[in-house]
$ cat protein34.cif   # mmCIF, C-alpha atoms
data_upload
loop_
_atom_site.label_atom_id
_atom_site.label_comp_id
_atom_site.auth_asym_id
_atom_site.auth_seq_id
_atom_site.Cartn_x
_atom_site.Cartn_y
_atom_site.Cartn_z
CA MET I 1018 32.76 2.77 -8.26
CA ALA I 1019 31.36 -0.76 -8.22
CA ILE I 1020 28.48 0.14 -5.94
CA ILE I 1021 27.71 3.23 -8.03
CA THR I 1022 27.65 1.12 -11.18
CA LYS I 1023 25.27 -1.33 -9.53
CA ILE I 1024 22.96 1.45 -8.38
CA ILE I 1025 22.89 2.92 -11.89
CA THR I 1026 22.06 -0.53 -13.24
CA VAL I 1027 19.18 -0.88 -10.79
CA VAL I 1028 17.82 2.56 -11.68
CA LEU I 1029 17.96 1.73 -15.38
CA LEU I 1030 16.21 -1.57 -14.80
CA ALA I 1031 13.54 0.16 -12.75
CA ALA I 1032 13.07 2.75 -15.48
CA PHE I 1033 12.73 -0.02 -18.05
CA SER I 1034 10.13 -1.74 -15.90
CA VAL I 1035 8.11 1.45 -15.47
CA ALA I 1036 8.29 2.34 -19.15
CA SER I 1037 7.33 -1.16 -20.19
CA TYR I 1038 4.53 -1.16 -17.67
CA HIS I 1039 3.03 2.07 -19.03
CA TYR I 1040 3.35 0.81 -22.58
CA GLY I 1041 1.65 -2.42 -21.59
CA THR I 1042 -1.26 -0.64 -19.95
CA ILE I 1043 -1.92 1.44 -23.05
CA ASN I 1044 -1.17 -1.37 -25.49
CA PRO I 1045 -2.05 -4.55 -23.56
CA ASN I 1046 0.40 -7.37 -24.08
CA LYS I 1047 0.09 -10.34 -21.73
CA HIS I 1048 3.54 -11.66 -22.54
CA LEU I 1049 5.12 -8.27 -21.81
CA MET I 1050 3.26 -7.95 -18.51
CA GLN I 1051 4.31 -11.42 -17.43
CA GLN I 1052 7.89 -10.64 -18.39
CA ILE I 1053 7.82 -7.48 -16.27
CA LYS I 1054 6.44 -9.36 -13.30
CA ASN I 1055 8.71 -12.40 -13.46
CA ASP I 1056 11.95 -11.00 -14.86
CA SER I 1057 12.61 -7.28 -14.66
CA VAL I 1058 10.88 -6.68 -11.34
CA ALA I 1059 12.42 -9.75 -9.75
CA GLN I 1060 15.87 -8.61 -10.82
CA VAL I 1061 15.39 -5.11 -9.46
CA GLN I 1062 14.10 -6.49 -6.17
CA LYS I 1063 17.06 -8.82 -5.87
CA GLU I 1064 19.48 -5.96 -6.49
CA TRP I 1065 17.85 -3.77 -3.85
CA GLU I 1066 17.90 -6.61 -1.32
CA GLY I 1067 21.57 -7.11 -2.06
CA TYR I 1068 22.32 -3.53 -1.06
CA GLY I 1069 20.88 -4.15 2.38
CA PHE I 1070 18.20 -1.48 2.25
CA PHE I 1071 16.03 -1.53 5.33
CA GLU I 1072 12.46 -0.65 6.07
CA PRO I 1073 12.23 3.08 6.87
CA GLU I 1074 11.35 4.12 10.40
CA MET I 1075 8.12 6.09 10.55
CA ILE I 1076 8.66 9.22 12.62
CA TYR I 1077 6.10 12.01 12.69
CA SER I 1078 4.96 14.86 14.90
CA ASP I 1079 2.05 16.36 12.98
CA ARG I 1080 -0.34 15.62 10.14
CA GLU I 1081 2.04 16.59 7.36
CA SER I 1082 4.95 14.55 8.69
CA PHE I 1083 2.60 11.59 9.18
CA ILE I 1084 1.53 11.71 5.53
CA LEU I 1085 5.15 11.95 4.41
CA SER I 1086 6.22 9.06 6.65
CA VAL I 1087 3.52 6.74 5.26
CA ASN I 1088 4.50 7.87 1.77
CA LYS I 1089 8.12 6.94 2.49
CA CYS I 1090 7.05 3.52 3.75
CA MET I 1091 5.01 2.98 0.58
CA SER I 1092 8.10 3.66 -1.51
CA PHE I 1093 9.81 0.83 0.36
CA VAL I 1094 6.84 -1.53 0.06
CA ASN I 1095 6.60 -0.85 -3.67
CA LEU I 1096 10.20 -1.99 -4.16
CA PHE I 1097 9.00 -5.51 -3.43
CA THR I 1098 5.60 -5.32 -5.09
CA PRO I 1099 5.15 -6.14 -8.80
CA PRO I 1100 3.96 -3.02 -10.70
CA LEU I 1101 0.56 -4.47 -11.59
CA GLU I 1102 -0.10 -5.26 -7.92
CA ARG I 1103 0.87 -1.87 -6.55
CA ILE I 1104 -1.79 0.22 -4.87
CA ASP I 1105 -1.77 3.95 -5.37
CA ARG I 1106 0.03 5.36 -2.35
CA LYS I 1107 -2.57 8.09 -1.86
CA ILE I 1108 -5.20 5.42 -1.21
CA ILE I 1109 -3.08 3.76 1.46
CA ILE I 1110 -2.11 7.08 3.04
CA ALA I 1111 -5.76 8.19 3.14
CA MET I 1112 -6.78 4.91 4.78
CA ALA I 1113 -4.03 5.30 7.39
CA VAL I 1114 -5.14 8.88 8.07
CA VAL I 1115 -8.79 7.94 8.54
CA GLU I 1116 -8.20 4.74 10.50
CA SER I 1117 -5.53 6.05 12.87
CA GLY I 1118 -6.31 9.75 13.12
CA TYR I 1119 -2.97 10.67 11.57
CA GLY I 1120 -1.18 8.06 13.65
CA THR I 1121 -2.59 9.21 17.01
CA SER I 1122 -4.96 6.33 17.79
CA ARG I 1123 -4.30 3.90 20.64
CA PHE I 1124 -3.85 1.06 18.18
CA ALA I 1125 -1.34 3.08 16.15
CA ILE I 1126 0.70 4.22 19.15
CA LYS I 1127 0.74 1.00 21.17
CA GLY I 1128 0.20 -1.58 18.47
CA ASN I 1129 1.78 0.02 15.37
CA ASN I 1130 -1.48 -0.70 13.55
CA LEU I 1131 -2.45 2.23 11.30
CA PHE I 1132 -5.47 0.55 9.71
CA GLY I 1133 -7.45 -1.13 12.48
CA ILE I 1134 -6.57 -4.50 10.96
CA ARG I 1135 -8.29 -7.23 12.95
CA THR I 1136 -7.50 -10.85 13.68
CA TRP I 1137 -9.58 -13.75 14.99
CA ASP I 1138 -6.48 -15.87 15.60
CA LYS I 1139 -5.91 -16.01 19.36
CA GLY I 1140 -2.31 -16.98 18.73
CA GLN I 1141 -1.51 -13.66 17.07
CA ALA I 1142 -0.31 -10.62 18.99
CA GLN I 1143 -3.27 -8.31 19.39
CA MET I 1144 -5.01 -5.61 21.39
CA LYS I 1145 -8.61 -5.65 22.54
CA PRO I 1146 -10.79 -2.57 22.10
CA LYS I 1147 -11.34 -0.77 25.41
CA GLU I 1148 -15.09 -0.75 24.92
CA ASN I 1149 -15.16 -4.49 24.19
CA PRO I 1150 -12.36 -6.24 26.11
CA ASN I 1151 -14.02 -9.65 25.74
CA ALA I 1152 -14.38 -9.49 21.95
CA GLU I 1153 -13.60 -12.69 20.06
CA TRP I 1154 -11.40 -10.65 17.74
CA GLY I 1155 -8.55 -8.27 18.40
CA VAL I 1156 -6.67 -5.55 16.55
CA LYS I 1157 -3.37 -6.95 15.32
CA THR I 1158 -0.15 -5.52 16.67
CA PHE I 1159 2.94 -5.10 14.51
CA ILE I 1160 6.63 -4.74 15.25
CA THR I 1161 6.72 -1.56 13.15
CA LYS I 1162 4.13 0.76 11.65
CA CYS I 1163 5.52 0.15 8.16
CA GLN I 1164 4.70 -3.54 8.61
CA SER I 1165 1.05 -2.60 9.04
CA VAL I 1166 1.26 -0.68 5.75
CA LYS I 1167 2.64 -3.77 4.06
CA GLU I 1168 -0.16 -5.87 5.55
CA ALA I 1169 -2.84 -3.44 4.32
CA VAL I 1170 -1.44 -3.75 0.79
CA ARG I 1171 -1.45 -7.54 1.08
CA ILE I 1172 -5.05 -7.60 2.26
CA LEU I 1173 -6.29 -5.45 -0.62
CA ASN I 1174 -4.34 -7.61 -3.07
CA THR I 1175 -5.56 -10.98 -1.80
CA LEU I 1176 -8.84 -11.02 0.11
CA LYS I 1177 -11.90 -12.01 -1.90
CA VAL I 1178 -13.97 -9.15 -0.53
CA TYR I 1179 -11.71 -6.71 -2.43
CA GLU I 1180 -11.94 -8.50 -5.77
CA GLY I 1181 -13.98 -5.58 -7.12
CA PHE I 1182 -11.15 -3.21 -6.22
CA ARG I 1183 -8.59 -5.38 -7.99
CA GLN I 1184 -10.79 -5.76 -11.06
CA GLU I 1185 -11.30 -1.99 -11.29
CA ARG I 1186 -7.55 -1.46 -10.99
CA LYS I 1187 -6.86 -4.07 -13.66
CA GLU I 1188 -9.34 -2.55 -16.11
CA GLN I 1189 -7.86 0.90 -15.60
CA GLN I 1190 -4.37 -0.50 -16.19
CA TYR I 1191 -5.47 -2.05 -19.48
CA GLN I 1192 -7.16 1.14 -20.57
CA GLY I 1193 -4.22 3.29 -19.53
CA VAL I 1194 -6.50 5.69 -17.64
CA ILE I 1195 -6.12 5.68 -13.85
CA ASP I 1196 -8.93 6.99 -11.65
CA ILE I 1197 -8.15 6.17 -8.01
CA ASN I 1198 -11.45 7.61 -6.79
CA LYS I 1199 -13.25 4.89 -8.77
CA GLN I 1200 -10.95 2.30 -7.22
CA VAL I 1201 -11.81 3.60 -3.76
CA GLU I 1202 -15.50 3.00 -4.45
CA HIS I 1203 -14.76 -0.71 -3.90
CA LEU I 1204 -13.20 -0.26 -0.45
CA GLY I 1205 -16.42 0.08 1.54
CA PRO I 1206 -15.99 -3.35 3.22
CA TRP I 1207 -12.91 -2.07 5.06
CA SER I 1208 -15.09 -0.16 7.52
CA THR I 1209 -18.53 -0.32 9.07
CA ASN I 1210 -18.80 3.44 8.55
CA PRO I 1211 -21.33 3.98 5.71
CA ASN I 1212 -19.46 7.16 4.74
CA TYR I 1213 -16.07 5.44 4.54
CA VAL I 1214 -15.65 5.77 0.77
CA ASP I 1215 -16.46 9.48 0.87
CA LEU I 1216 -14.02 9.98 3.75
CA ILE I 1217 -11.18 8.28 1.87
CA GLN I 1218 -11.86 10.24 -1.32
CA SER I 1219 -11.91 13.48 0.64
CA LYS I 1220 -8.59 12.68 2.31
CA ILE I 1221 -7.06 11.75 -1.04
CA ASN I 1222 -7.87 15.24 -2.31
CA GLN I 1223 -6.16 16.79 0.73
CA ILE I 1224 -3.14 14.49 0.47
CA SER I 1225 -2.76 15.35 -3.21
CA LEU I 1226 -2.29 19.01 -2.30
CA LEU I 1227 0.78 18.03 -0.27
CA LEU I 1228 2.32 15.29 -2.41
CA ASP I 1229 1.71 16.88 -5.80
CA ASN I 1230 3.33 20.20 -4.92
#

$ encode --input "protein34.cif" --output "structure tokens"
Amino acid sequence: MAIITKIITVVLLAAFSVASYHYGTINPNKHLMQQIKNDSVAQVQKEWEGYGFFEPEMIYSDRESFILSVNKCMSFVNLFTPPLERIDRKIIIAMAVVESGYGTSRFAIKGNNLFGIRTWDKGQAQMKPKENPNAEWGVKTFITKCQSVKEAVRILNTLKVYEGFRQERKEQQYQGVIDINKQVEHLGPWSTNPNYVDLIQSKINQISLLLDN
């Protein structure tokens, strides 16, 4: 009974956080937002950690199961991400789909990297591209695929080049009207492909058909 009571408490706290978050986006209140970030969210995260929940293993065999596995990982990542810093899961899933070919790329299979995330640090575990084995950079390798999802979220939330993305997200949160396609318009720097934004938006539409039904 004790564990059930604790789980109910966590669910109620999470519901309070979500409700407060939506209220704050429609009726901006800096104090309320700060309270959510520093108090309610921190408490929920601490409770979840106390239960010993572990990162989900990403297992997939086709396109649909790949989408669902990344979605499951995002649910885990969001447990430890303040609401205002969360990235719409459809954006992350679409990026993983495009960058890894639904998890079938060499970097995804051998390096658990679903996003082609690079590193110039020679001390970090990495893989060199076959066509450029002497490149000064490498594609980072991760212990698990879900860790690469977590890293993609961190990059979008911290790197200066994605400040436009974060600003767009923030403005939408204040206005209470979310348009993830407009957010995606600021993700061009992720790829050298000039059609990258269009590709991500197209994949988001396809992913929505699966996740929204």

$ residues_around --input "protein34.cif" --residues "Val1094 of chain I" --least-positions-apart "3" --cutoff "9 Å" --atoms "all atoms listed in the file" --output "number ranges by chain"
I: 1072, 1089-1091, 1097-1098, 1103, 1163, 1166-1167, 1170

$ closest_residue --input "protein34.cif" --among "I:Arg1135, I:Ser1219, I:Ala1125, I:Ile1104" --to "Arg1186 of chain I" --atoms "only C-alpha atoms"
I:Ile1104

$ residues_near_point --input "protein34.cif" --point "(-9.5, 7.3, 8.2)" --cutoff "10 Å" --atoms "all atoms listed in the file" --output "PyMOL selection string"
chain I and resi 1109-1120+1131-1133+1208+1213-1214+1216-1217+1220

$ resolve_selection --input "protein34.cif" --expression "the PyMOL selection byres ((chain I and resi 1144-1159) around 10)" --output "PyMOL selection string"
chain I and resi 1123-1125+1127-1139+1141-1143+1160-1166+1168

$ closest_residue --input "protein34.cif" --among "I:Val1178, I:Ile1197, I:Ala1169, I:Leu1096" --to "Ser1225 of chain I" --atoms "all atoms listed in the file"
I:Ile1197

$ closest_residue --input "protein34.cif" --among "I:Asn1174, I:Asn1210, I:Asn1198, I:Ser1092" --to "Asn1222 of chain I" --atoms "all atoms listed in the file"
I:Asn1198
